[in-house]
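Undergrad: File name model-v4.txt; file contents compact mmCIF, C-alpha atoms; full text below.
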```txt
# COMPACT_ATOMS: atom_id res chain seq x y z
CA MET A 415 0.00 0.00 0.00
CA ASP A 416 1.53 3.37 -1.02
CA MET A 417 1.99 6.31 1.33
CA ALA A 418 -0.60 8.51 -0.40
CA HIS A 419 -3.34 5.88 -0.06
CA LEU A 420 -2.38 5.17 3.54
CA GLY A 421 -2.50 8.93 4.22
CA VAL A 422 -5.97 9.39 2.80
CA GLU A 423 -7.21 6.21 4.47
CA SER A 424 -6.09 7.44 7.88
CA SER A 425 -7.56 10.88 7.10
CA ALA A 426 -10.90 9.18 6.36
CA ILE A 427 -10.77 7.23 9.63
CA VAL A 428 -9.82 10.32 11.67
CA ALA A 429 -12.42 12.57 9.97
CA ALA A 430 -15.20 10.00 10.47
CA PHE A 431 -14.10 9.35 14.06
CA LEU A 432 -13.96 13.02 15.11
CA ALA A 433 -17.22 13.97 13.35
CA SER A 434 -18.98 10.95 14.80
CA VAL A 435 -17.73 11.69 18.35
CA VAL A 436 -19.51 15.06 18.20
CA GLU A 437 -22.78 13.53 16.98
CA VAL A 438 -22.67 10.51 19.31
CA VAL A 439 -22.02 12.74 22.34
CA GLU A 440 -25.14 14.75 21.43
CA ALA A 441 -27.26 11.61 21.08
CA PHE A 442 -25.77 10.14 24.27
CA THR A 443 -26.74 13.25 26.26
CA ILE A 444 -30.40 12.88 25.31
CA VAL A 445 -30.50 9.09 25.79
CA LEU A 446 -28.92 9.63 29.22
CA ALA A 447 -31.57 12.22 30.10
CA VAL A 448 -34.31 9.77 29.04
CA GLY A 449 -32.73 6.88 30.93
CA THR A 450 -32.21 8.90 34.11
CA LEU A 451 -35.74 10.30 34.15
CA SER A 452 -37.90 7.52 32.74
CA GLY A 453 -35.85 4.37 33.21
CA TRP A 454 -33.49 2.55 30.90
CA ARG A 455 -36.08 0.36 29.17
CA PRO A 456 -37.63 3.14 26.99
CA ALA A 457 -34.17 4.68 26.50
CA TRP A 458 -32.74 1.42 25.11
CA LEU A 459 -35.89 0.61 23.12
CA GLY A 460 -35.82 4.04 21.44
CA THR A 461 -32.09 3.74 20.79
CA PHE A 462 -32.28 0.25 19.25
CA ALA A 463 -35.34 1.14 17.16
CA ALA A 464 -33.45 4.14 15.71
CA LEU A 465 -30.35 2.01 15.08
CA GLY A 466 -32.59 -0.49 13.28
CA VAL A 467 -34.00 2.25 11.01
CA LEU A 468 -30.49 3.53 10.31
CA GLY A 469 -29.29 0.00 9.53
CA MET A 470 -32.17 -0.48 7.08
CA LEU A 471 -31.34 2.82 5.37
CA ILE A 472 -27.72 1.72 4.94
CA ILE A 473 -28.75 -1.71 3.59
CA ILE A 474 -31.18 -0.12 1.11
CA LEU A 475 -29.08 2.87 0.01
CA GLY A 476 -25.57 1.35 0.29
CA PRO A 477 -25.65 -0.83 -2.85
CA LEU A 478 -27.06 2.07 -4.89
CA LEU A 479 -23.78 3.96 -4.40
CA GLY A 480 -21.94 1.30 -6.39
CA GLN A 481 -24.22 1.95 -9.38
CA VAL A 482 -23.33 5.66 -9.70
CA PRO A 483 -20.38 6.52 -12.01
CA ILE A 484 -17.40 7.49 -9.84
CA HIS A 485 -16.98 11.04 -11.24
CA TYR A 486 -20.63 11.94 -10.60
CA LEU A 487 -20.42 10.39 -7.15
CA GLN A 488 -17.25 12.35 -6.33
CA LEU A 489 -18.80 15.59 -7.56
CA PHE A 490 -22.07 15.05 -5.68
CA VAL A 491 -20.41 13.90 -2.46
CA GLY A 492 -17.76 16.63 -2.76
CA MET A 493 -20.41 19.33 -3.00
CA LEU A 494 -22.33 17.90 -0.04
CA LEU A 495 -19.09 17.77 1.94
CA LEU A 496 -18.32 21.39 1.04
CA LEU A 497 -21.79 22.52 2.17
CA PHE A 498 -21.64 20.44 5.35
CA GLY A 499 -17.97 21.04 6.22
CA MET A 500 -17.99 24.77 5.52
CA GLY A 501 -21.17 25.07 7.61
CA TRP A 502 -19.39 23.42 10.56
CA LEU A 503 -16.30 25.54 10.01
CA ARG A 504 -18.34 28.78 9.93
CA LYS A 505 -20.06 27.87 13.21
CA ALA A 506 -16.79 26.75 14.82
CA ILE A 507 -15.16 30.07 13.83
CA LEU A 508 -18.07 32.00 15.36
CA ARG A 509 -17.96 29.93 18.58
CA SER A 510 -14.21 30.24 18.80
CA ALA A 511 -14.49 34.03 18.41
CA GLY A 512 -17.17 34.19 21.12
CA ILE A 513 -19.88 35.36 18.72
CA ILE A 514 -22.19 32.43 19.45
CA PRO A 515 -22.16 30.41 22.69
CA LEU A 516 -20.36 27.10 23.00
CA HIS A 517 -22.44 23.94 22.86
CA ASP A 518 -23.31 23.08 26.47
CA GLU A 519 -24.09 19.37 27.03
CA ASP A 520 -25.12 20.01 30.66
CA LEU A 521 -27.65 22.59 29.47
CA ILE A 522 -28.97 20.23 26.77
CA PHE A 523 -29.28 17.45 29.38
CA ALA A 524 -31.22 19.75 31.76
CA LYS A 525 -33.45 21.04 28.95
CA GLU A 526 -34.24 17.54 27.67
CA LYS A 527 -35.05 16.39 31.21
CA ALA A 528 -37.30 19.38 31.85
CA GLY A 529 -39.06 18.91 28.51
CA LEU A 530 -39.66 15.22 29.22
CA GLU A 531 -40.93 15.97 32.74
CA ALA A 532 -43.41 18.53 31.39
CA GLU A 533 -44.65 16.19 28.65
CA THR A 534 -44.98 13.13 30.87
CA LYS A 535 -46.86 15.15 33.52
CA ALA A 536 -49.33 16.23 30.87
CA ARG A 537 -49.78 12.66 29.57
CA GLN A 538 -48.93 10.34 32.46
CA SER A 539 -50.33 7.24 30.77
CA SER A 540 -47.92 7.43 27.85
CA LYS A 541 -44.79 8.27 29.85
CA ASN A 542 -42.67 5.41 28.50
CA TRP A 543 -43.82 6.01 24.94
CA ILE A 544 -42.79 9.70 25.07
CA ALA A 545 -39.44 8.85 26.66
CA GLY A 546 -38.71 6.13 24.10
CA LEU A 547 -39.66 8.48 21.28
CA ALA A 548 -37.27 11.15 22.57
CA ALA A 549 -34.39 8.64 22.55
CA PHE A 550 -35.46 7.39 19.11
CA LYS A 551 -35.49 10.91 17.65
CA ALA A 552 -32.11 11.82 19.10
CA VAL A 553 -30.37 8.67 17.91
CA LEU A 554 -32.04 8.81 14.48
CA LEU A 555 -31.19 12.47 13.82
CA GLU A 556 -27.60 12.32 15.06
CA GLY A 557 -27.17 8.86 13.50
CA LEU A 558 -28.26 10.18 10.11
CA GLU A 559 -25.45 12.71 10.29
CA VAL A 560 -22.97 9.96 11.16
CA VAL A 561 -24.21 7.85 8.21
CA PHE A 562 -23.88 10.84 5.89
CA ILE A 563 -20.35 11.57 7.12
CA VAL A 564 -19.29 7.95 6.61
CA ILE A 565 -20.76 7.87 3.09
CA ALA A 566 -19.37 11.27 2.17
CA VAL A 567 -15.87 10.71 3.49
CA GLY A 568 -15.64 7.10 2.38
CA SER A 569 -17.46 6.70 -0.91
CA GLY A 570 -15.24 8.84 -3.16
CA HIS A 571 -12.26 6.45 -3.23
CA GLY A 572 -13.81 3.22 -2.00
CA MET A 573 -12.98 3.94 1.63
CA LEU A 574 -16.37 3.19 3.14
CA TRP A 575 -14.94 0.56 5.46
CA PRO A 576 -12.17 2.75 6.97
CA ALA A 577 -14.71 5.56 7.44
CA ALA A 578 -17.23 3.15 8.99
CA LEU A 579 -14.46 1.88 11.27
CA GLY A 580 -13.77 5.45 12.42
CA ALA A 581 -17.47 6.04 13.15
CA ALA A 582 -17.84 2.70 14.96
CA GLY A 583 -14.75 3.55 17.03
CA ALA A 584 -16.38 6.84 18.03
CA CYS A 585 -19.60 5.09 19.10
CA VAL A 586 -17.69 2.55 21.20
CA ALA A 587 -15.44 5.22 22.77
CA VAL A 588 -18.35 7.50 23.72
CA LEU A 589 -20.38 4.57 25.06
CA ILE A 590 -17.52 3.23 27.21
CA ILE A 591 -16.60 6.65 28.61
CA GLY A 592 -20.28 7.57 29.02
CA VAL A 593 -21.12 4.40 30.95
CA MET A 594 -18.05 4.91 33.14
CA VAL A 595 -18.83 8.52 34.09
CA ALA A 596 -22.66 8.13 33.81
CA LYS A 597 -23.25 11.83 33.22
CA PRO A 598 -23.27 14.21 30.22
CA LEU A 599 -19.85 14.33 28.56
CA SER A 600 -19.56 18.08 29.01
CA THR A 601 -15.77 18.09 29.22
CA VAL A 602 -15.38 16.96 25.59
CA PRO A 603 -13.72 19.91 23.79
CA GLU A 604 -16.59 20.01 21.33
CA ASN A 605 -15.74 23.22 19.52
CA THR A 606 -12.13 22.15 18.96
CA LEU A 607 -13.46 18.87 17.54
CA LYS A 608 -15.97 20.73 15.35
CA PHE A 609 -13.23 23.08 14.15
CA CYS A 610 -11.06 20.08 13.17
CA VAL A 611 -13.98 18.27 11.54
CA GLY A 612 -15.07 21.39 9.64
CA VAL A 613 -11.50 21.77 8.37
CA MET A 614 -11.20 18.10 7.35
CA LEU A 615 -14.62 17.88 5.69
CA SER A 616 -13.99 21.11 3.77
CA ALA A 617 -10.61 19.76 2.63
CA PHE A 618 -12.24 16.48 1.52
CA GLY A 619 -14.98 18.53 -0.17
CA VAL A 620 -12.54 20.56 -2.30
CA PHE A 621 -10.62 17.36 -3.11
CA TRP A 622 -13.65 15.26 -4.19
CA THR A 623 -15.33 18.16 -6.03
CA GLY A 624 -12.10 18.78 -7.94
CA GLU A 625 -11.75 15.09 -8.80
CA GLY A 626 -15.40 15.02 -9.87
CA LEU A 627 -14.67 17.97 -12.20
CA GLY A 628 -11.75 16.05 -13.69
CA ILE A 629 -8.92 17.85 -11.86
CA GLU A 630 -5.86 15.73 -11.21
CA TRP A 631 -4.40 17.13 -8.01
CA PRO A 632 -0.61 17.28 -7.75
CA GLY A 633 0.58 14.83 -5.11
CA ALA A 634 -2.71 12.93 -5.48
CA ASP A 635 -4.32 12.19 -2.09
CA LEU A 636 -1.49 13.85 -0.15
CA ILE A 637 -2.75 17.29 -1.21
CA LEU A 638 -5.56 16.77 1.33
CA ILE A 639 -3.03 17.62 4.06
CA LEU A 640 -2.22 20.93 2.37
CA PHE A 641 -5.92 21.75 1.95
CA ALA A 642 -6.59 20.96 5.61
CA ALA A 643 -3.66 23.17 6.68
CA ILE A 644 -4.94 26.07 4.54
CA PHE A 645 -8.52 25.77 5.87
CA LEU A 646 -7.19 25.52 9.43
CA ALA A 647 -4.99 28.61 9.05
CA ALA A 648 -7.79 30.60 7.40
CA GLY A 649 -10.34 29.54 10.03
CA TRP A 650 -8.03 30.32 12.92
CA ALA A 651 -7.05 33.72 11.48
CA THR A 652 -10.72 34.61 10.90
CA SER A 653 -11.70 33.67 14.45
CA GLN A 654 -8.84 35.84 15.78
CA TYR A 655 -9.97 38.74 13.61
CA LEU A 656 -13.59 38.37 14.75
CA ARG A 657 -12.72 38.34 18.44
CA LYS A 658 -12.37 42.13 18.45
CA PRO A 659 -15.96 43.09 17.56
CA ALA A 660 -17.18 40.36 19.87
CA LEU A 661 -15.36 41.91 22.83
CA LEU A 662 -16.61 45.37 21.91
CA ALA A 663 -20.18 44.08 21.79
CA VAL A 664 -19.88 42.47 25.24
CA ARG A 665 -18.63 45.73 26.75
CA MET B 250 -45.37 12.40 10.85
CA LYS B 251 -43.71 14.92 13.14
CA ILE B 252 -40.56 12.79 13.22
CA ILE B 253 -40.34 12.71 9.42
CA GLN B 254 -40.76 16.50 9.36
CA LYS B 255 -38.03 16.86 11.98
CA VAL B 256 -35.68 14.52 10.08
CA LEU B 257 -36.24 16.47 6.85
CA ALA B 258 -35.72 19.79 8.65
CA GLU B 259 -32.51 18.45 10.19
CA LEU B 260 -31.25 17.23 6.81
CA PHE B 261 -32.10 20.61 5.25
CA SER B 262 -30.31 22.52 8.02
CA MET B 263 -27.24 20.27 7.62
CA PHE B 264 -26.62 21.77 4.20
CA MET B 265 -28.53 25.06 4.18
CA ALA B 266 -27.90 26.56 7.64
CA ASP B 267 -26.61 29.67 5.86
CA ALA B 268 -28.51 29.76 2.57
CA ARG B 269 -26.31 32.46 1.03
CA MET B 270 -23.14 30.52 1.80
CA SER B 271 -24.61 27.28 0.43
CA LEU B 272 -25.87 28.91 -2.78
CA SER B 273 -22.52 30.68 -3.29
CA THR B 274 -20.73 27.34 -2.93
CA VAL B 275 -23.01 25.64 -5.47
CA ALA B 276 -22.59 28.62 -7.83
CA LEU B 277 -18.79 28.42 -7.46
CA VAL B 278 -18.75 24.73 -8.41
CA ILE B 279 -21.04 25.38 -11.41
CA ILE B 280 -18.80 28.26 -12.58
CA MET B 281 -15.69 26.08 -12.23
CA ALA B 282 -17.37 23.28 -14.20
CA GLY B 283 -18.33 25.80 -16.91
CA LEU B 284 -14.83 27.30 -17.08
CA LEU B 285 -13.29 23.84 -17.39
CA LYS B 286 -15.68 22.75 -20.10
CA PHE B 287 -16.16 25.88 -22.19
CA ALA B 288 -13.18 28.16 -21.49
CA ALA B 289 -10.58 25.37 -21.54
CA LEU B 290 -9.22 26.61 -18.23
CA SER B 291 -6.23 24.65 -16.94
CA ALA B 292 -7.42 22.02 -14.44
CA LEU B 293 -4.88 23.15 -11.85
CA VAL B 294 -5.92 26.81 -12.09
CA ALA B 295 -9.55 25.72 -11.70
CA GLY B 296 -8.57 23.67 -8.64
CA GLY B 297 -6.78 26.66 -7.12
CA LEU B 298 -9.75 28.91 -7.83
CA LEU B 299 -12.10 26.35 -6.25
CA LEU B 300 -10.01 26.29 -3.07
CA VAL B 301 -9.65 30.09 -2.87
CA GLY B 302 -13.35 30.54 -3.66
CA CYS B 303 -14.36 28.21 -0.81
CA LEU B 304 -12.08 30.07 1.60
CA VAL B 305 -13.53 33.43 0.56
CA ILE B 306 -17.10 32.12 0.92
CA VAL B 307 -16.60 30.70 4.42
CA ILE B 308 -14.72 33.79 5.67
CA GLU B 309 -17.34 36.14 4.18
CA ALA B 310 -20.13 34.09 5.83
CA ALA B 311 -18.44 34.25 9.25
CA VAL B 312 -17.76 38.00 8.98
CA ARG B 313 -21.30 38.71 7.73
CA ASP B 314 -22.85 36.66 10.54
CA THR B 315 -20.69 38.44 13.12
CA ARG B 316 -21.65 41.88 11.80
CA LYS B 317 -25.31 40.93 11.91
CA ARG B 318 -25.12 39.59 15.48
CA VAL B 319 -23.05 42.52 16.77
CA ALA B 320 -25.50 44.98 15.17
CA ALA B 321 -28.45 43.13 16.75
CA ARG B 322 -26.82 43.27 20.19
CA SER B 323 -26.12 47.01 20.11
```
Let me see the structure of the file written as structure tokens.

TA:
Amino acid sequence: MDMAHLGVESSAIVAAFLASVVEVVEAFTIVLAVGTLSGWRPAWLGTFAALGVLGMLIIILGPLLGQVPIHYLQLFVGMLLLLFGMGWLRKAILRSAGIIPLHDEDLIFAKEKAGLEAETKARQSSKNWIAGLAAFKAVLLEGLEVVFIVIAVGSGHGMLWPAALGAAGACVAVLIIGVMVAKPLSTVPENTLKFCVGVMLSAFGVFWTGEGLGIEWPGADLILILFAAIFLAAGWATSQYLRKPALLAVR
Amino acid sequence: MKIIQKVLAELFSMFMADARMSLSTVALVIIMAGLLKFAALSALVAGGLLLVGCLVIVIEAAVRDTRKRVAARS
């Protein structure tokens, strides 16, 4: 296996792992709130039902990817990655500059608990149903993003398995740490992760879009590292520049 | 039904959180494709322009959002 392929394979694993950690932590927070408040039965039922739906989606849609010509697939996936990655990068820049607040898992946990309490008080008879549905929604929505990331990062160069491995690693890591600490994983440096993921997805997006347009990048897959470095430098410089008006506004 | 609506809304917001940024990105890719096909632009120059264009779009979106939020606060 040559260095360039190894490089892009590890980039796919790392990108899928980091992006999935962010999504899995969000889903875990809500499942934890459901489990703590309404018991673990509805929490697990909702979680497994959502995982079942996600699994079916992968089984149905997965083989279709193989039917699409590679250039069209690269162009389509590249554009989706650009839209998704640049969206994350924009938000991460704004959070890093203090323009929008950081994601607070403790706050999300408290909000979800309060929301569930209010709903179950109103409809006591269907308490378990509401709790299970909350877990189902959270896992399905965040899981869809994980599935998209795996497909987007992995499908361009036949790296679905490395990307899926990265995502599975993230699920296992969050689950193990989450079960050990049994509280919202609020100490995860989420914005740093989102910054890195935004940078990596944007770099993959430029790379795949270019390949889809027929551009042969110099250095082949290794140019991804240069793209990531450029996006990182630009994002960091922008967040530094934006800190000034943010401070002025606070004062 | 509500869940399907929520899933669709989530999928939409994944790609269109900032509509102007998303549309600019799509427009950039279409322009690059057009330049490559009809203006016989060198592939490498098109690649460079694609990268620079994406950087400009994301920086502009962050600066525009900041200006809007700072103006709303004051």

Undergrad: Using only C-alpha atoms, determine which residues of chain B fall within 9 Å of chain A; present them as an MDAnalysis selection string.

TA: chainID B and resid 252 255:256 259:260 263:267 270:271 274:275 278 281:282 285 291:293 295:296 299:300 303:304 306:308 310:312 314:316 318:320 322:323

Undergrad: Take the selection from the previous step and output its residues with C-alpha atoms, as a PDB file, in the frame of the given file.

TA:
```
ATOM      1  CA  ILE B 252     -40.560  12.790  13.220  1.00  0.00           C
ATOM      2  CA  LYS B 255     -38.030  16.860  11.980  1.00  0.00           C
ATOM      3  CA  VAL B 256     -35.680  14.520  10.080  1.00  0.00           C
ATOM      4  CA  GLU B 259     -32.510  18.450  10.190  1.00  0.00           C
ATOM      5  CA  LEU B 260     -31.250  17.230   6.810  1.00  0.00           C
ATOM      6  CA  MET B 263     -27.240  20.270   7.620  1.00  0.00           C
ATOM      7  CA  PHE B 264     -26.620  21.770   4.200  1.00  0.00           C
ATOM      8  CA  MET B 265     -28.530  25.060   4.180  1.00  0.00           C
ATOM      9  CA  ALA B 266     -27.900  26.560   7.640  1.00  0.00           C
ATOM     10  CA  ASP B 267     -26.610  29.670   5.860  1.00  0.00           C
ATOM     11  CA  MET B 270     -23.140  30.520   1.800  1.00  0.00           C
ATOM     12  CA  SER B 271     -24.610  27.280   0.430  1.00  0.00           C
ATOM     13  CA  THR B 274     -20.730  27.340  -2.930  1.00  0.00           C
ATOM     14  CA  VAL B 275     -23.010  25.640  -5.470  1.00  0.00           C
ATOM     15  CA  VAL B 278     -18.750  24.730  -8.410  1.00  0.00           C
ATOM     16  CA  MET B 281     -15.690  26.080 -12.230  1.00  0.00           C
ATOM     17  CA  ALA B 282     -17.370  23.280 -14.200  1.00  0.00           C
ATOM     18  CA  LEU B 285     -13.290  23.840 -17.390  1.00  0.00           C
ATOM     19  CA  SER B 291      -6.230  24.650 -16.940  1.00  0.00           C
ATOM     20  CA  ALA B 292      -7.420  22.020 -14.440  1.00  0.00           C
ATOM     21  CA  LEU B 293      -4.880  23.150 -11.850  1.00  0.00           C
ATOM     22  CA  ALA B 295      -9.550  25.720 -11.700  1.00  0.00           C
ATOM     23  CA  GLY B 296      -8.570  23.670  -8.640  1.00  0.00           C
ATOM     24  CA  LEU B 299     -12.100  26.350  -6.250  1.00  0.00           C
ATOM     25  CA  LEU B 300     -10.010  26.290  -3.070  1.00  0.00           C
ATOM     26  CA  CYS B 303     -14.360  28.210  -0.810  1.00  0.00           C
ATOM     27  CA  LEU B 304     -12.080  30.070   1.600  1.00  0.00           C
ATOM     28  CA  ILE B 306     -17.100  32.120   0.920  1.00  0.00           C
ATOM     29  CA  VAL B 307     -16.600  30.700   4.420  1.00  0.00           C
ATOM     30  CA  ILE B 308     -14.720  33.790   5.670  1.00  0.00           C
ATOM     31  CA  ALA B 310     -20.130  34.090   5.830  1.00  0.00           C
ATOM     32  CA  ALA B 311     -18.440  34.250   9.250  1.00  0.00           C
ATOM     33  CA  VAL B 312     -17.760  38.000   8.980  1.00  0.00           C
ATOM     34  CA  ASP B 314     -22.850  36.660  10.540  1.00  0.00           C
ATOM     35  CA  THR B 315     -20.690  38.440  13.120  1.00  0.00           C
ATOM     36  CA  ARG B 316     -21.650  41.880  11.800  1.00  0.00           C
ATOM     37  CA  ARG B 318     -25.120  39.590  15.480  1.00  0.00           C
ATOM     38  CA  VAL B 319     -23.050  42.520  16.770  1.00  0.00           C
ATOM     39  CA  ALA B 320     -25.500  44.980  15.170  1.00  0.00           C
ATOM     40  CA  ARG B 322     -26.820  43.270  20.190  1.00  0.00           C
ATOM     41  CA  SER B 323     -26.120  47.010  20.110  1.00  0.00           C
TER      42      SER B 323
END
```

Undergrad: What does the distance between atom CA of A:Cys585 and atom CA of A:Leu487 come to in Å, to one decimal place?

TA: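 Going from atom CA of A:Cys585 over to atom CA of A:Leu487, I get 26.8 Å.
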
Undergrad: Could you tell me how far atom CA of A:Val436 lies from atom CA of A:Val611, in Å and to one decimal?

TA: 9.2 Å

Undergrad: So, with all atoms listed in the file as the atoms that count, which of B:Leu284, B:Arg313, B:Ala289, B:Leu277 lies closest to B:Val301?

TA: B:Leu277

Undergrad: For atom CA of A:Thr606 and atom CA of A:Ser510, determine how far apart the two atoms are, in Å to one decimal place.

TA: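 So the answer is 8.4 Å.
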
Undergrad: Starting from the structure just given, write a file holding stretch 443-469 of chain A with N, CA and C atoms, as a PDB file, in the first residue's frame.

TA:
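Output contents, as saved in result27.pdb:
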```pdb
ATOM      1  N   THR A 443     -26.216  12.331  25.246  1.00  0.00           N
ATOM      2  CA  THR A 443     -26.740  13.254  26.264  1.00  0.00           C
ATOM      3  C   THR A 443     -28.255  13.082  26.399  1.00  0.00           C
ATOM      4  N   ILE A 444     -28.938  12.982  25.271  1.00  0.00           N
ATOM      5  CA  ILE A 444     -30.401  12.882  25.309  1.00  0.00           C
ATOM      6  C   ILE A 444     -30.849  11.502  25.792  1.00  0.00           C
ATOM      7  N   VAL A 445     -30.155  10.449  25.327  1.00  0.00           N
ATOM      8  CA  VAL A 445     -30.498   9.094  25.793  1.00  0.00           C
ATOM      9  C   VAL A 445     -30.269   8.999  27.303  1.00  0.00           C
ATOM     10  N   LEU A 446     -29.209   9.627  27.779  1.00  0.00           N
ATOM     11  CA  LEU A 446     -28.916   9.627  29.222  1.00  0.00           C
ATOM     12  C   LEU A 446     -30.028  10.342  29.998  1.00  0.00           C
ATOM     13  N   ALA A 447     -30.485  11.479  29.438  1.00  0.00           N
ATOM     14  CA  ALA A 447     -31.575  12.222  30.099  1.00  0.00           C
ATOM     15  C   ALA A 447     -32.827  11.353  30.165  1.00  0.00           C
ATOM     16  N   VAL A 448     -33.127  10.657  29.082  1.00  0.00           N
ATOM     17  CA  VAL A 448     -34.309   9.775  29.035  1.00  0.00           C
ATOM     18  C   VAL A 448     -34.151   8.643  30.047  1.00  0.00           C
ATOM     19  N   GLY A 449     -32.981   8.012  30.031  1.00  0.00           N
ATOM     20  CA  GLY A 449     -32.735   6.884  30.933  1.00  0.00           C
ATOM     21  C   GLY A 449     -32.803   7.280  32.391  1.00  0.00           C
ATOM     22  N   THR A 450     -32.237   8.438  32.724  1.00  0.00           N
ATOM     23  CA  THR A 450     -32.214   8.899  34.111  1.00  0.00           C
ATOM     24  C   THR A 450     -33.626   9.218  34.597  1.00  0.00           C
ATOM     25  N   LEU A 451     -34.409   9.823  33.733  1.00  0.00           N
ATOM     26  CA  LEU A 451     -35.736  10.296  34.147  1.00  0.00           C
ATOM     27  C   LEU A 451     -36.804   9.212  34.055  1.00  0.00           C
ATOM     28  N   SER A 452     -36.784   8.438  32.982  1.00  0.00           N
ATOM     29  CA  SER A 452     -37.902   7.516  32.735  1.00  0.00           C
ATOM     30  C   SER A 452     -37.510   6.052  32.791  1.00  0.00           C
ATOM     31  N   GLY A 453     -36.287   5.770  33.166  1.00  0.00           N
ATOM     32  CA  GLY A 453     -35.853   4.368  33.215  1.00  0.00           C
ATOM     33  C   GLY A 453     -35.134   3.982  31.930  1.00  0.00           C
ATOM     34  N   TRP A 454     -34.340   2.902  32.037  1.00  0.00           N
ATOM     35  CA  TRP A 454     -33.487   2.555  30.904  1.00  0.00           C
ATOM     36  C   TRP A 454     -34.194   1.762  29.817  1.00  0.00           C
ATOM     37  N   ARG A 455     -35.371   1.177  30.168  1.00  0.00           N
ATOM     38  CA  ARG A 455     -36.080   0.365  29.167  1.00  0.00           C
ATOM     39  C   ARG A 455     -36.501   1.213  27.959  1.00  0.00           C
ATOM     40  N   PRO A 456     -37.268   2.321  28.166  1.00  0.00           N
ATOM     41  CA  PRO A 456     -37.628   3.136  26.995  1.00  0.00           C
ATOM     42  C   PRO A 456     -36.417   3.749  26.300  1.00  0.00           C
ATOM     43  N   ALA A 457     -35.381   4.076  27.094  1.00  0.00           N
ATOM     44  CA  ALA A 457     -34.174   4.676  26.495  1.00  0.00           C
ATOM     45  C   ALA A 457     -33.519   3.692  25.525  1.00  0.00           C
ATOM     46  N   TRP A 458     -33.363   2.428  25.974  1.00  0.00           N
ATOM     47  CA  TRP A 458     -32.741   1.420  25.110  1.00  0.00           C
ATOM     48  C   TRP A 458     -33.634   1.067  23.927  1.00  0.00           C
ATOM     49  N   LEU A 459     -34.960   0.953  24.201  1.00  0.00           N
ATOM     50  CA  LEU A 459     -35.893   0.614  23.119  1.00  0.00           C
ATOM     51  C   LEU A 459     -35.836   1.663  22.005  1.00  0.00           C
ATOM     52  N   GLY A 460     -35.890   2.935  22.414  1.00  0.00           N
ATOM     53  CA  GLY A 460     -35.821   4.035  21.440  1.00  0.00           C
ATOM     54  C   GLY A 460     -34.515   4.005  20.672  1.00  0.00           C
ATOM     55  N   THR A 461     -33.419   3.751  21.415  1.00  0.00           N
ATOM     56  CA  THR A 461     -32.092   3.739  20.792  1.00  0.00           C
ATOM     57  C   THR A 461     -31.992   2.605  19.763  1.00  0.00           C
ATOM     58  N   PHE A 462     -32.407   1.397  20.164  1.00  0.00           N
ATOM     59  CA  PHE A 462     -32.278   0.251  19.247  1.00  0.00           C
ATOM     60  C   PHE A 462     -33.216   0.373  18.058  1.00  0.00           C
ATOM     61  N   ALA A 463     -34.407   0.947  18.290  1.00  0.00           N
ATOM     62  CA  ALA A 463     -35.335   1.141  17.162  1.00  0.00           C
ATOM     63  C   ALA A 463     -34.707   2.086  16.136  1.00  0.00           C
ATOM     64  N   ALA A 464     -34.093   3.180  16.625  1.00  0.00           N
ATOM     65  CA  ALA A 464     -33.455   4.139  15.710  1.00  0.00           C
ATOM     66  C   ALA A 464     -32.273   3.497  14.988  1.00  0.00           C
ATOM     67  N   LEU A 465     -31.485   2.687  15.723  1.00  0.00           N
ATOM     68  CA  LEU A 465     -30.349   2.013  15.084  1.00  0.00           C
ATOM     69  C   LEU A 465     -30.834   1.044  14.008  1.00  0.00           C
ATOM     70  N   GLY A 466     -31.992   0.409  14.275  1.00  0.00           N
ATOM     71  CA  GLY A 466     -32.586  -0.489  13.281  1.00  0.00           C
ATOM     72  C   GLY A 466     -32.964   0.256  12.012  1.00  0.00           C
ATOM     73  N   VAL A 467     -33.609   1.438  12.176  1.00  0.00           N
ATOM     74  CA  VAL A 467     -34.003   2.248  11.015  1.00  0.00           C
ATOM     75  C   VAL A 467     -32.759   2.681  10.238  1.00  0.00           C
ATOM     76  N   LEU A 468     -31.732   3.100  10.966  1.00  0.00           N
ATOM     77  CA  LEU A 468     -30.490   3.531  10.307  1.00  0.00           C
ATOM     78  C   LEU A 468     -29.856   2.364   9.542  1.00  0.00           C
ATOM     79  N   GLY A 469     -29.850   1.184  10.170  1.00  0.00           N
ATOM     80  CA  GLY A 469     -29.288  -0.002   9.526  1.00  0.00           C
ATOM     81  C   GLY A 469     -30.025  -0.325   8.234  1.00  0.00           C
TER      82      GLY A 469
END
```
